[in-house]
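Below: model-v3.cif (mmCIF, C-alpha atoms)
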data_query
loop_
_atom_site.label_atom_id
_atom_site.label_comp_id
_atom_site.auth_asym_id
_atom_site.auth_seq_id
_atom_site.Cartn_x
_atom_site.Cartn_y
_atom_site.Cartn_z
CA MET L 1 -10.18 216.64 85.46
CA ASN L 2 -12.92 216.86 88.08
CA GLU L 3 -12.26 218.73 91.28
CA ARG L 4 -13.22 217.13 94.55
CA HIS L 5 -15.18 219.21 96.99
CA ASP L 6 -16.35 218.55 100.49
CA ASP L 7 -19.67 219.93 99.30
CA ASP L 8 -21.92 216.87 99.04
CA ARG L 9 -24.14 218.56 96.45
CA VAL L 10 -21.47 218.13 93.78
CA PRO L 11 -21.53 214.30 93.47
CA GLN L 12 -25.35 214.36 93.34
CA ARG L 13 -25.31 216.90 90.53
CA ARG L 14 -22.60 215.08 88.63
CA ARG L 15 -24.38 211.72 88.88
CA PHE L 16 -27.61 213.27 87.70
CA LEU L 17 -25.90 214.92 84.77
CA GLU L 18 -24.22 211.69 83.75
CA CYS L 19 -27.67 210.15 83.39
CA MET L 20 -29.09 213.17 81.65
CA ALA L 21 -26.28 213.21 79.11
CA TRP L 22 -28.06 210.32 77.42
CA ALA L 23 -31.36 212.12 77.21
CA GLY L 24 -32.23 213.38 73.76
CA ALA L 25 -34.93 215.72 72.63
CA GLY L 26 -37.17 217.33 75.16
CA THR L 27 -34.80 217.20 78.14
CA PHE L 28 -35.39 220.06 80.50
CA TRP L 29 -33.26 220.34 83.58
CA MET L 30 -32.21 223.17 85.76
CA MET L 31 -29.36 224.07 88.02
CA LYS L 32 -30.68 225.87 91.07
CA GLY L 33 -28.27 226.71 93.86
CA GLY L 34 -26.02 223.87 92.73
CA ILE L 35 -28.72 221.16 92.80
CA ALA L 36 -29.93 219.63 89.55
CA GLN L 37 -33.69 219.37 89.23
CA ALA L 38 -35.59 217.78 86.39
CA ALA L 39 -38.86 218.99 84.93
CA ALA L 40 -41.02 217.85 82.04
CA LEU L 41 -40.52 219.75 78.84
CA GLY L 42 -42.93 222.65 78.63
CA GLY L 43 -43.54 222.72 82.39
CA ALA L 44 -45.40 225.90 83.30
CA ASP L 45 -43.23 226.75 86.31
CA ALA L 46 -40.05 227.03 84.26
CA ALA L 47 -41.61 229.13 81.52
CA ALA L 48 -43.27 231.53 83.90
CA ASP L 49 -40.16 232.11 86.01
CA ALA L 50 -37.63 232.52 83.21
CA THR L 51 -36.27 236.03 82.91
CA PHE L 52 -34.94 235.57 79.44
CA ARG L 53 -34.04 232.89 76.99
CA PHE L 54 -31.67 232.60 74.11
CA VAL L 55 -31.04 229.90 71.55
CA GLN L 56 -27.78 228.12 70.72
CA ILE L 57 -27.35 226.55 67.29
CA SER L 58 -24.13 225.11 65.92
CA ASP L 59 -22.27 223.46 63.06
CA SER L 60 -24.57 224.26 60.16
CA HIS L 61 -21.77 223.32 57.68
CA VAL L 62 -23.31 225.09 54.70
CA GLY L 63 -21.47 223.73 51.67
CA PHE L 64 -21.54 220.12 52.87
CA HIS L 65 -23.47 217.93 50.41
CA LEU L 66 -22.95 214.26 51.30
CA ALA L 67 -24.59 211.54 53.40
CA PRO L 68 -26.35 211.70 55.77
CA ASN L 69 -27.49 215.25 54.86
CA PRO L 70 -27.12 216.43 51.26
CA ASP L 71 -28.98 219.68 52.08
CA PRO L 72 -27.78 221.34 55.29
CA VAL L 73 -29.28 224.67 54.14
CA ALA L 74 -32.72 223.07 54.32
CA THR L 75 -32.17 221.74 57.83
CA LEU L 76 -30.79 225.11 58.93
CA ARG L 77 -33.93 226.70 57.57
CA GLU L 78 -36.05 224.16 59.44
CA THR L 79 -34.18 225.04 62.62
CA VAL L 80 -34.96 228.73 62.15
CA ALA L 81 -38.62 227.89 61.45
CA HIS L 82 -38.66 225.87 64.65
CA ILE L 83 -37.31 228.87 66.60
CA ASN L 84 -39.89 231.16 64.98
CA ALA L 85 -42.73 228.77 65.86
CA GLN L 86 -42.04 228.84 69.60
CA PRO L 87 -44.45 230.97 71.64
CA GLN L 88 -41.71 232.96 73.37
CA ARG L 89 -39.25 234.98 71.30
CA PRO L 90 -35.61 234.45 72.31
CA ASP L 91 -33.51 237.48 73.18
CA PHE L 92 -30.85 236.35 70.73
CA ILE L 93 -29.45 233.40 68.83
CA VAL L 94 -25.81 232.37 69.16
CA HIS L 95 -24.19 230.18 66.50
CA THR L 96 -21.21 228.40 68.06
CA GLY L 97 -19.28 227.93 64.85
CA ASP L 98 -18.71 225.91 61.68
CA LEU L 99 -21.27 228.05 59.90
CA THR L 100 -19.72 226.90 56.64
CA HIS L 101 -17.99 223.80 55.44
CA LEU L 102 -15.20 225.46 53.46
CA SER L 103 -15.09 229.18 54.43
CA LYS L 104 -16.34 230.18 50.97
CA PRO L 105 -17.95 233.63 50.58
CA GLU L 106 -21.19 232.28 49.14
CA GLN L 107 -21.48 229.85 52.05
CA PHE L 108 -21.14 232.66 54.61
CA ASP L 109 -23.68 234.71 52.70
CA THR L 110 -26.17 231.84 52.71
CA VAL L 111 -25.85 231.40 56.48
CA LYS L 112 -26.34 235.12 57.03
CA GLN L 113 -29.37 235.13 54.78
CA VAL L 114 -31.05 232.10 56.38
CA LEU L 115 -30.48 233.44 59.90
CA SER L 116 -31.98 236.78 58.84
CA GLU L 117 -35.28 234.86 58.59
CA ALA L 118 -35.23 234.32 62.36
CA ARG L 119 -37.62 236.56 64.29
CA VAL L 120 -35.03 237.71 66.79
CA ASP L 121 -33.30 240.99 67.55
CA GLN L 122 -29.76 239.70 67.34
CA VAL L 123 -27.73 236.77 66.07
CA PHE L 124 -24.12 236.26 67.27
CA PHE L 125 -21.63 234.07 65.49
CA ILE L 126 -18.34 232.62 66.72
CA PRO L 127 -16.04 230.86 64.25
CA GLY L 128 -15.34 227.16 63.95
CA GLU L 129 -12.24 225.70 62.32
CA HIS L 130 -14.22 225.30 59.06
CA ASP L 131 -14.83 229.06 59.03
CA VAL L 132 -11.17 230.15 59.11
CA ILE L 133 -9.71 228.06 56.29
CA GLY L 134 -6.88 229.70 54.41
CA ASP L 135 -7.43 233.29 55.56
CA ASN L 136 -7.14 233.28 59.37
CA GLY L 137 -10.83 234.06 59.55
CA LYS L 138 -10.86 237.23 57.45
CA ALA L 139 -14.01 236.29 55.51
CA PHE L 140 -15.74 235.34 58.76
CA PHE L 141 -14.76 238.43 60.73
CA ASP L 142 -15.49 240.78 57.81
CA ARG L 143 -19.10 239.62 58.01
CA PHE L 144 -19.65 238.79 61.67
CA GLY L 145 -16.96 240.61 63.60
CA SER L 146 -18.40 244.12 63.80
CA GLY L 147 -17.52 245.85 67.03
CA VAL L 148 -14.96 243.20 67.84
CA SER L 149 -11.28 244.08 68.05
CA GLY L 150 -8.12 242.05 68.44
CA GLY L 151 -8.39 238.35 67.73
CA GLY L 152 -12.18 238.29 67.52
CA TRP L 153 -12.97 237.41 71.14
CA HIS L 154 -15.36 239.65 73.04
CA SER L 155 -17.81 239.82 75.92
CA PHE L 156 -21.09 241.52 76.72
CA ASP L 157 -23.56 241.76 79.57
CA HIS L 158 -27.20 240.88 79.08
CA ARG L 159 -29.79 241.11 81.83
CA GLY L 160 -27.33 240.46 84.60
CA VAL L 161 -25.41 237.65 82.89
CA HIS L 162 -21.87 238.11 81.58
CA PHE L 163 -21.37 236.44 78.19
CA ILE L 164 -17.87 235.66 76.91
CA ALA L 165 -17.26 234.67 73.29
CA LEU L 166 -13.90 232.94 72.83
CA VAL L 167 -12.08 231.94 69.64
CA ASN L 168 -10.24 228.62 70.00
CA VAL L 169 -9.83 227.65 66.33
CA LEU L 170 -6.95 229.89 65.19
CA ASN L 171 -3.19 229.20 65.27
CA LEU L 172 -3.74 225.51 65.77
CA GLN L 173 -0.46 223.63 66.17
CA ALA L 174 0.50 220.29 64.64
CA GLY L 175 -0.69 217.43 66.80
CA GLY L 176 -2.65 219.81 68.98
CA LEU L 177 -6.19 220.62 70.04
CA GLY L 178 -8.15 223.87 70.16
CA PHE L 179 -6.07 226.86 71.21
CA LEU L 180 -6.79 230.13 72.99
CA GLY L 181 -3.33 231.71 73.18
CA THR L 182 -1.66 234.08 75.65
CA GLU L 183 -3.18 237.25 74.19
CA GLN L 184 -6.72 235.95 74.53
CA LEU L 185 -6.06 234.63 78.04
CA ALA L 186 -4.63 238.01 79.07
CA TRP L 187 -7.75 239.70 77.69
CA LEU L 188 -9.98 237.23 79.59
CA LYS L 189 -8.15 237.93 82.84
CA GLN L 190 -8.79 241.65 82.64
CA ASP L 191 -12.33 241.13 81.29
CA VAL L 192 -13.55 239.27 84.38
CA ALA L 193 -11.31 241.01 86.92
CA GLY L 194 -13.89 243.48 88.17
CA LEU L 195 -16.94 241.22 88.14
CA SER L 196 -18.73 240.04 91.26
CA ALA L 197 -18.39 236.31 91.92
CA SER L 198 -22.18 236.05 92.04
CA MET L 199 -22.59 237.20 88.44
CA PRO L 200 -23.55 234.25 86.26
CA ILE L 201 -21.07 233.63 83.46
CA VAL L 202 -21.82 231.99 80.11
CA VAL L 203 -18.88 231.14 77.83
CA PHE L 204 -19.20 230.36 74.12
CA ALA L 205 -16.38 228.58 72.28
CA HIS L 206 -16.48 226.31 69.26
CA MET L 207 -14.19 223.48 70.32
CA PRO L 208 -14.87 221.71 73.61
CA MET L 209 -13.27 223.44 76.56
CA TRP L 210 -12.57 220.21 78.37
CA SER L 211 -10.49 217.19 77.40
CA LEU L 212 -13.38 215.17 76.04
CA TYR L 213 -11.52 213.02 73.48
CA PRO L 214 -8.06 214.33 72.52
CA GLN L 215 -7.47 211.49 70.04
CA TRP L 216 -10.02 213.16 67.80
CA GLY L 217 -8.93 216.70 68.64
CA TRP L 218 -11.88 217.16 71.01
CA GLY L 219 -10.44 219.55 73.57
CA THR L 220 -8.60 222.85 74.00
CA GLN L 221 -4.93 222.84 74.86
CA ASP L 222 -4.96 225.81 77.22
CA SER L 223 -8.57 225.77 78.46
CA ALA L 224 -7.39 224.98 82.00
CA GLN L 225 -5.85 228.45 82.18
CA ALA L 226 -9.12 230.05 81.11
CA LEU L 227 -11.12 228.02 83.60
CA ALA L 228 -8.73 228.96 86.40
CA LEU L 229 -9.69 232.60 85.76
CA LEU L 230 -13.38 231.66 86.15
CA LYS L 231 -12.98 229.43 89.19
CA ARG L 232 -14.15 232.06 91.70
CA PHE L 233 -17.56 232.54 90.08
CA GLY L 234 -20.63 230.85 91.52
CA SER L 235 -22.17 229.83 88.20
CA VAL L 236 -20.27 229.23 84.96
CA THR L 237 -21.88 227.59 81.93
CA VAL L 238 -19.73 226.72 78.91
CA LEU L 239 -21.52 226.14 75.61
CA ASN L 240 -19.50 224.49 72.85
CA GLY L 241 -20.09 222.99 69.42
CA HIS L 242 -17.70 221.12 67.11
CA ILE L 243 -18.59 217.50 67.91
CA HIS L 244 -22.14 217.41 66.51
CA GLN L 245 -23.65 215.75 69.57
CA ILE L 246 -24.57 216.51 73.13
CA GLN L 247 -21.96 215.78 75.75
CA GLN L 248 -21.92 217.26 79.22
CA THR L 249 -19.63 217.40 82.20
CA VAL L 250 -19.16 219.31 85.43
CA GLU L 251 -15.92 220.56 86.95
CA GLY L 252 -16.48 222.35 90.23
CA ARG L 253 -19.02 225.10 89.57
CA VAL L 254 -18.50 224.96 85.80
CA THR L 255 -21.00 223.07 83.66
CA PHE L 256 -20.03 222.24 80.07
CA HIS L 257 -22.41 221.37 77.26
CA THR L 258 -21.61 220.59 73.64
CA ALA L 259 -24.44 221.00 71.15
CA ARG L 260 -26.01 219.10 68.29
CA SER L 261 -25.33 220.26 64.77
CA THR L 262 -28.11 221.55 62.54
CA ALA L 263 -26.58 219.48 59.70
CA TYR L 264 -25.44 215.97 60.72
CA PRO L 265 -24.36 213.95 63.75
CA GLN L 266 -20.93 212.50 64.45
CA PRO L 267 -20.05 209.32 66.37
CA ALA L 268 -19.71 209.30 70.14
CA PRO L 269 -16.10 209.44 71.36
CA GLY L 270 -14.22 206.43 69.99
CA GLN L 271 -17.39 204.84 68.55
CA GLY L 272 -16.19 204.86 64.98
CA PRO L 273 -13.03 205.16 62.88
CA ALA L 274 -12.98 208.95 62.81
CA PRO L 275 -14.93 212.10 63.82
CA GLY L 276 -16.63 212.46 60.45
CA PRO L 277 -20.32 212.50 59.50
CA LEU L 278 -22.42 209.44 60.40
CA LYS L 279 -22.90 208.64 56.73
CA ASP L 280 -24.84 205.37 57.21
CA LEU L 281 -27.61 207.08 59.17
CA PRO L 282 -30.95 206.45 57.38
CA ALA L 283 -32.58 209.60 56.06
CA ALA L 284 -35.65 209.03 58.26
CA GLN L 285 -33.43 209.16 61.36
CA LEU L 286 -31.48 212.31 60.54
CA ARG L 287 -33.76 214.84 62.22
CA LYS L 288 -33.65 212.97 65.52
CA HIS L 289 -29.95 213.78 65.78
CA ILE L 290 -29.81 217.44 64.74
CA GLY L 291 -31.44 220.50 66.25
CA LEU L 292 -31.13 223.45 68.57
CA ARG L 293 -30.84 224.35 72.24
CA ASP L 294 -32.96 226.68 74.38
CA VAL L 295 -31.20 228.32 77.30
CA TYR L 296 -33.24 229.96 80.08
CA HIS L 297 -31.94 232.24 82.78
CA ARG L 298 -33.99 232.75 85.91
CA GLN L 299 -33.01 236.12 87.32
CA GLY L 300 -31.66 236.32 90.83
CA GLN L 301 -31.55 232.58 91.41
CA ASP L 302 -28.28 231.80 89.67
CA ALA L 303 -30.01 229.23 87.49
CA ILE L 304 -29.25 228.39 83.86
CA ALA L 305 -31.61 225.86 82.30
CA VAL L 306 -30.78 224.04 79.09
CA THR L 307 -33.31 222.30 76.82
CA ASP L 308 -32.05 220.37 73.82
CA ILE L 309 -34.60 220.05 71.01
CA ALA L 310 -34.19 217.77 68.01
CA LEU L 311 -35.88 218.63 64.73
CA ALA L 312 -37.96 215.43 64.94
CA MET C 1 25.54 176.08 21.32
CA GLN C 2 27.87 178.97 22.08
CA ARG C 3 26.14 181.03 19.40
CA ILE C 4 22.76 180.47 21.09
CA PHE C 5 24.16 181.57 24.42
CA ARG C 6 25.61 184.68 22.82
CA ILE C 7 22.28 185.56 21.23
CA ALA C 8 20.48 184.89 24.53
CA ALA C 9 22.98 187.03 26.44
CA ALA C 10 22.67 189.83 23.93
CA SER C 11 18.88 189.64 24.07
CA LEU C 12 18.90 189.70 27.83
CA PHE C 13 21.26 192.67 27.85
CA ALA C 14 19.09 194.54 25.33
CA PHE C 15 16.00 193.75 27.32
CA ALA C 16 17.64 194.93 30.55
CA MET C 17 18.77 198.17 28.92
CA SER C 18 15.35 198.88 27.45
CA ALA C 19 13.71 198.11 30.78
CA ALA C 20 16.08 200.50 32.53
CA CYS C 21 15.32 203.16 29.94
CA ALA C 22 11.59 202.55 30.36
CA ARG C 23 11.93 202.96 34.13
CA ALA C 24 13.69 206.28 33.74
CA ALA C 25 11.02 207.55 31.31
CA THR C 26 8.02 206.92 33.64
CA PRO C 27 8.81 207.97 37.27
CA ARG C 28 7.02 206.14 40.07
CA ALA C 29 3.96 207.80 41.55
CA TYR C 30 3.94 208.43 45.29
CA ASP C 31 0.56 208.69 46.94
CA VAL C 32 -0.74 209.69 50.33
CA HIS C 33 -4.38 208.83 50.97
CA ILE C 34 -6.24 211.01 53.43
CA HIS C 35 -8.66 208.59 55.04
CA ASN C 36 -10.54 208.59 58.35
CA PHE C 37 -8.64 211.66 59.52
CA HIS C 38 -5.26 210.01 58.93
CA PHE C 39 -2.53 210.46 56.36
CA GLU C 40 -1.82 206.99 54.93
CA PRO C 41 1.03 206.19 55.05
CA ALA C 42 1.88 208.45 57.98
CA THR C 43 5.53 208.39 56.93
CA LEU C 44 6.37 208.15 53.22
CA THR C 45 9.93 207.77 51.99
CA VAL C 46 10.65 209.02 48.46
CA PRO C 47 13.73 209.74 46.31
CA ALA C 48 14.81 213.34 45.70
CA GLY C 49 12.81 214.84 42.85
CA ALA C 50 9.73 212.73 43.58
CA GLN C 51 6.24 214.12 43.21
CA VAL C 52 3.79 213.23 45.97
CA THR C 53 0.03 213.30 45.43
CA TRP C 54 -2.37 213.64 48.35
CA THR C 55 -5.97 212.55 47.77
CA ASN C 56 -8.75 213.35 50.22
CA GLN C 57 -11.06 210.37 50.64
CA ASP C 58 -12.90 211.79 53.66
CA GLU C 59 -16.23 213.58 53.72
CA GLU C 60 -14.54 216.37 55.64
CA PRO C 61 -12.12 218.83 54.03
CA HIS C 62 -8.45 218.70 54.94
CA ILE C 63 -5.41 220.87 54.23
CA VAL C 64 -1.77 219.83 53.84
CA VAL C 65 0.43 222.41 55.58
CA SER C 66 4.19 222.06 55.95
CA THR C 67 5.50 222.59 59.47
CA GLY C 68 8.03 225.38 59.11
CA ASN C 69 6.69 226.26 55.67
CA ARG C 70 9.20 224.09 53.80
CA PHE C 71 6.87 223.31 50.94
CA SER C 72 3.80 225.06 49.59
CA SER C 73 0.57 224.42 51.44
CA SER C 74 -2.40 222.93 49.68
CA PRO C 75 -5.68 224.75 49.36
CA ALA C 76 -8.62 223.28 51.26
CA LEU C 77 -9.16 219.80 49.79
CA ASP C 78 -12.78 218.78 49.56
CA THR C 79 -13.80 215.14 49.13
CA GLY C 80 -12.01 213.71 46.09
CA ASP C 81 -9.62 216.63 45.62
CA HIS C 82 -5.89 216.10 44.94
CA TYR C 83 -2.78 218.08 45.79
CA ARG C 84 0.68 217.53 44.32
CA ALA C 85 4.06 218.68 45.58
CA THR C 86 7.54 217.92 44.30
CA PHE C 87 10.38 217.33 46.74
CA ALA C 88 13.71 218.25 45.17
CA LYS C 89 15.93 218.31 48.26
CA PRO C 90 16.65 215.43 50.65
CA GLY C 91 15.35 215.93 54.17
CA THR C 92 12.46 215.22 56.52
CA TYR C 93 9.31 217.24 55.90
CA THR C 94 6.57 217.08 58.53
CA TYR C 95 3.14 218.43 57.76
CA PHE C 96 -0.32 218.56 59.36
CA CYS C 97 -3.90 219.51 58.67
CA THR C 98 -4.67 222.97 60.03
CA ILE C 99 -8.38 222.17 60.27
CA HIS C 100 -7.78 218.97 62.23
CA PRO C 101 -4.32 219.42 63.76
CA GLN C 102 -4.23 215.98 65.32
CA MET C 103 -3.55 214.75 61.74
CA VAL C 104 0.20 214.70 61.23
CA GLY C 105 2.34 213.16 58.47
CA THR C 106 5.96 213.03 57.29
CA ILE C 107 7.69 212.86 53.90
CA VAL C 108 11.26 211.56 54.10
CA VAL C 109 13.26 212.49 51.00
CA LYS C 110 16.45 210.54 50.41
#

Please re-express this file's structure in structure tokens.
Amino acid sequence: MNERHDDDRVPQRRRFLECMAWAGAGTFWMMKGGIAQAAALGGADAAADATFRFVQISDSHVGFHLAPNPDPVATLRETVAHINAQPQRPDFIVHTGDLTHLSKPEQFDTVKQVLSEARVDQVFFIPGEHDVIGDNGKAFFDRFGSGVSGGGWHSFDHRGVHFIALVNVLNLQAGGLGFLGTEQLAWLKQDVAGLSASMPIVVFAHMPMWSLYPQWGWGTQDSAQALALLKRFGSVTVLNGHIHQIQQTVEGRVTFHTARSTAYPQPAPGQGPAPGPLKDLPAAQLRKHIGLRDVYHRQGQDAIAVTDIALA
Amino acid sequence: MQRIFRIAAASLFAFAMSAACARAATPRAYDVHIHNFHFEPATLTVPAGAQVTWTNQDEEPHIVVSTGNRFSSSPALDTGDHYRATFAKPGTYTYFCTIHPQMVGTIVVK
């Protein structure tokens, strides 16, 4: 559902993003005052101007052991090594869910242990549907929910940006998609009520917050209500996981990005029988389709820059 | 000639009775295959007292959860895992996967 604006910058940005959605590793583009601008990866201007950066990883699926990746712990470890090897230390890492494959205690413990190898001050985790199997997320929140009350959603401010962590993988209904629920939406309403419209907003949620491909459950039933609460803000960036590939869209002043997995890719919408692992992918190709994302914020210029990096 | 017919009829009757007894001794198996994020068949009709076995053939885990909690939910089923439930009472039992809620199935018990 794309809103139409009289603002002629919007079609230009949307067209550019449609092209850039196909770009793989090494894409570096920036939103600045509503205009998309491209730059080569590692361009000096971007690095020098960035106020802070953080890293998004997603869908590590520890406990998975089949084709095309029989060892997702190893590729998670490689991802952490990649983060540690970069010249600039990120302010934090956010894991946008599906840490584990089966919500088992030893799987959570492994994820926690591998991420403790990252040279970073903080790591945040939000749950995926694979992390809340059979216990409504108790094992997840016992480990990663400190300081979080209610249903596990929370927000925090960091260097002038307001971060919102949503949980859209609980209380899923038969035949439905991701789900936020009235309690979470009520919390969101009061959370953003007092914020200036010029404050950049970044939203984390595991399942896509737009209706990307409902046939495969790729969407959130009540995300429109959440986005209505964010409509007045000048810059909103939504970072999702779940689908193990990069997809992007723009709705008004909201930019949505889904992320690669650190474990295995899944088919593009409708390009296969089901949203399962791409099991026929040759081993030599795997690392081109998994990886991490750098996110830069340039203070005072309302710009969020996203760089997707594959492991190979 | 009549004697042959009588023997044949008796044999047929005996055979039919033993076949019926054999059928009662080994109940038919009812299977739902979980494949490509679908329950196959999506609707399965069984007699009262039937046992249904779900088998996960996907690389992703799935769970069988009764809508309205009318039969016990399965644990998380990894690839190759089975789950069995017996349906004593006639009725229509819908269920879904709580990990992938777009997956919906129905057991019709007659």

Hits from the PyMOL selection byres ((chain C) within 7 of (chain L)), listed as a short mmCIF file (atom, residue, chain, number, x, y, z; two decimals) with C-alpha atoms, in the coordinates of the input:
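Result saved to expr.cif:
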data_model
loop_
_atom_site.label_atom_id
_atom_site.label_comp_id
_atom_site.auth_asym_id
_atom_site.auth_seq_id
_atom_site.Cartn_x
_atom_site.Cartn_y
_atom_site.Cartn_z
CA ASN C 36 -10.54 208.59 58.35
CA PHE C 37 -8.64 211.66 59.52
CA GLU C 59 -16.23 213.58 53.72
CA GLU C 60 -14.54 216.37 55.64
CA PHE C 96 -0.32 218.56 59.36
CA THR C 98 -4.67 222.97 60.03
CA ILE C 99 -8.38 222.17 60.27
CA HIS C 100 -7.78 218.97 62.23
CA PRO C 101 -4.32 219.42 63.76
CA GLN C 102 -4.23 215.98 65.32
CA MET C 103 -3.55 214.75 61.74
CA VAL C 104 0.20 214.70 61.23
#

Residues matched by the PyMOL selection byres ((chain L and resi 245-247) around 6) as a PyMOL selection string: chain L and resi 243-244+248+257-260

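Using only C-alpha atoms for every distance, the candidate list C:Tyr83, C:Phe71, C:Tyr30, C:Tyr95 yields C:Tyr30 as the residue closest to C:Pro47.
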
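The space between atom CA of L:Asp294 and atom CA of L:Gly241 spans 14.3 Å.
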
Evaluate the PyMOL selection byres ((chain C and resi 105) around 9) and report residues as a compact mmCIF listing (two decimals) with C-alpha atoms, keeping the file's coordinate frame:
# COMPACT_ATOMS: atom_id res chain seq x y z
CA HIS C 38 -5.26 210.01 58.93
CA PHE C 39 -2.53 210.46 56.36
CA GLU C 40 -1.82 206.99 54.93
CA PRO C 41 1.03 206.19 55.05
CA ALA C 42 1.88 208.45 57.98
CA THR C 43 5.53 208.39 56.93
CA LEU C 44 6.37 208.15 53.22
CA TYR C 93 9.31 217.24 55.90
CA THR C 94 6.57 217.08 58.53
CA TYR C 95 3.14 218.43 57.76
CA PHE C 96 -0.32 218.56 59.36
CA CYS C 97 -3.90 219.51 58.67
CA MET C 103 -3.55 214.75 61.74
CA VAL C 104 0.20 214.70 61.23
CA THR C 106 5.96 213.03 57.29
CA ILE C 107 7.69 212.86 53.90

Polymer residues at most 12 Å from (17.8, 219.7, 52.7) by only C-alpha atoms, as a list in words: Ala48, Arg70, Phe71, Phe87, Ala88, Lys89, Pro90, Gly91, Thr92, Tyr93, Val108, Val109 and Lys110 of chain C

Shortest interatomic distance to C:Asn56 - which of C:Ser74, C:Ile4, C:Gly68, C:Ala85, counting only C-alpha atoms: C:Ser74

Using only C-alpha atoms: which of L:Ala165, L:Val192, L:Ser60, L:Gly291 has the shortest distance to L:Ile83: L:Gly291

Nearest to L:Ser116, chosen from L:Ser149, L:Ser196, L:Asn84, L:Thr96, with all atoms listed in the file counted in the distances: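 Checking each of L:Ser149, L:Ser196, L:Asn84, L:Thr96 against L:Ser116, counting all atoms listed in the file, the winner is L:Asn84.
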
Distance of atom CA of C:Thr86 from atom CA of C:Gly49, expressed in Å to one decimal place: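 Distance reported for this atom pair: 6.3 Å.
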
Shell around L:Gly234 at 8 Å using all atoms listed in the file, local window under 2 positions removed, as number ranges by chain: L: 197-200, 232, 236, 253, 302

Contacts of L:Val167 at 8 Å (all atoms listed in the file; same-chain gap of 4+ positions) as a PyMOL selection string: chain L and resi 126-127+151-153+180+205-206

Residues near L:Ser155, cut-off 12 Å, all atoms listed in the file, skip fewer than 2 positions along chain, as a ChimeraX atom specification: /L:124,126,147-149,152-153,157-158,161-167,184,187-188,190-192,201-205

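Comparing the minimum interatomic distances between L:His82 and each of L:Leu99, L:Leu212, L:Leu230, L:Ala118, counting all atoms listed in the file, we find that L:Ala118 sits nearest.
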
Separation of atom CA of L:Phe92 from atom CA of L:Val120 in Å: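 Calculated distance between atom CA of L:Val120 and atom CA of L:Phe92 is 5.9 Å.
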
Taking every listed atom of stretch 93-110 of chain C and adding 3 Å to each side, what centre and edge lengths in Å (one decimal) does the axis-aligned box have, as lines of an AutoDock Vina configuration file?
center_x = 4.0
center_y = 216.8
center_z = 57.9
size_x = 30.8
size_y = 18.4
size_z = 20.9

Given all atoms listed in the file as the counted atoms, nearest of L:Thr100, L:Gln122, L:Thr182, L:Gln285 to C:Pro61: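 Ranked by minimum distance to C:Pro61, first place goes to L:Thr100.
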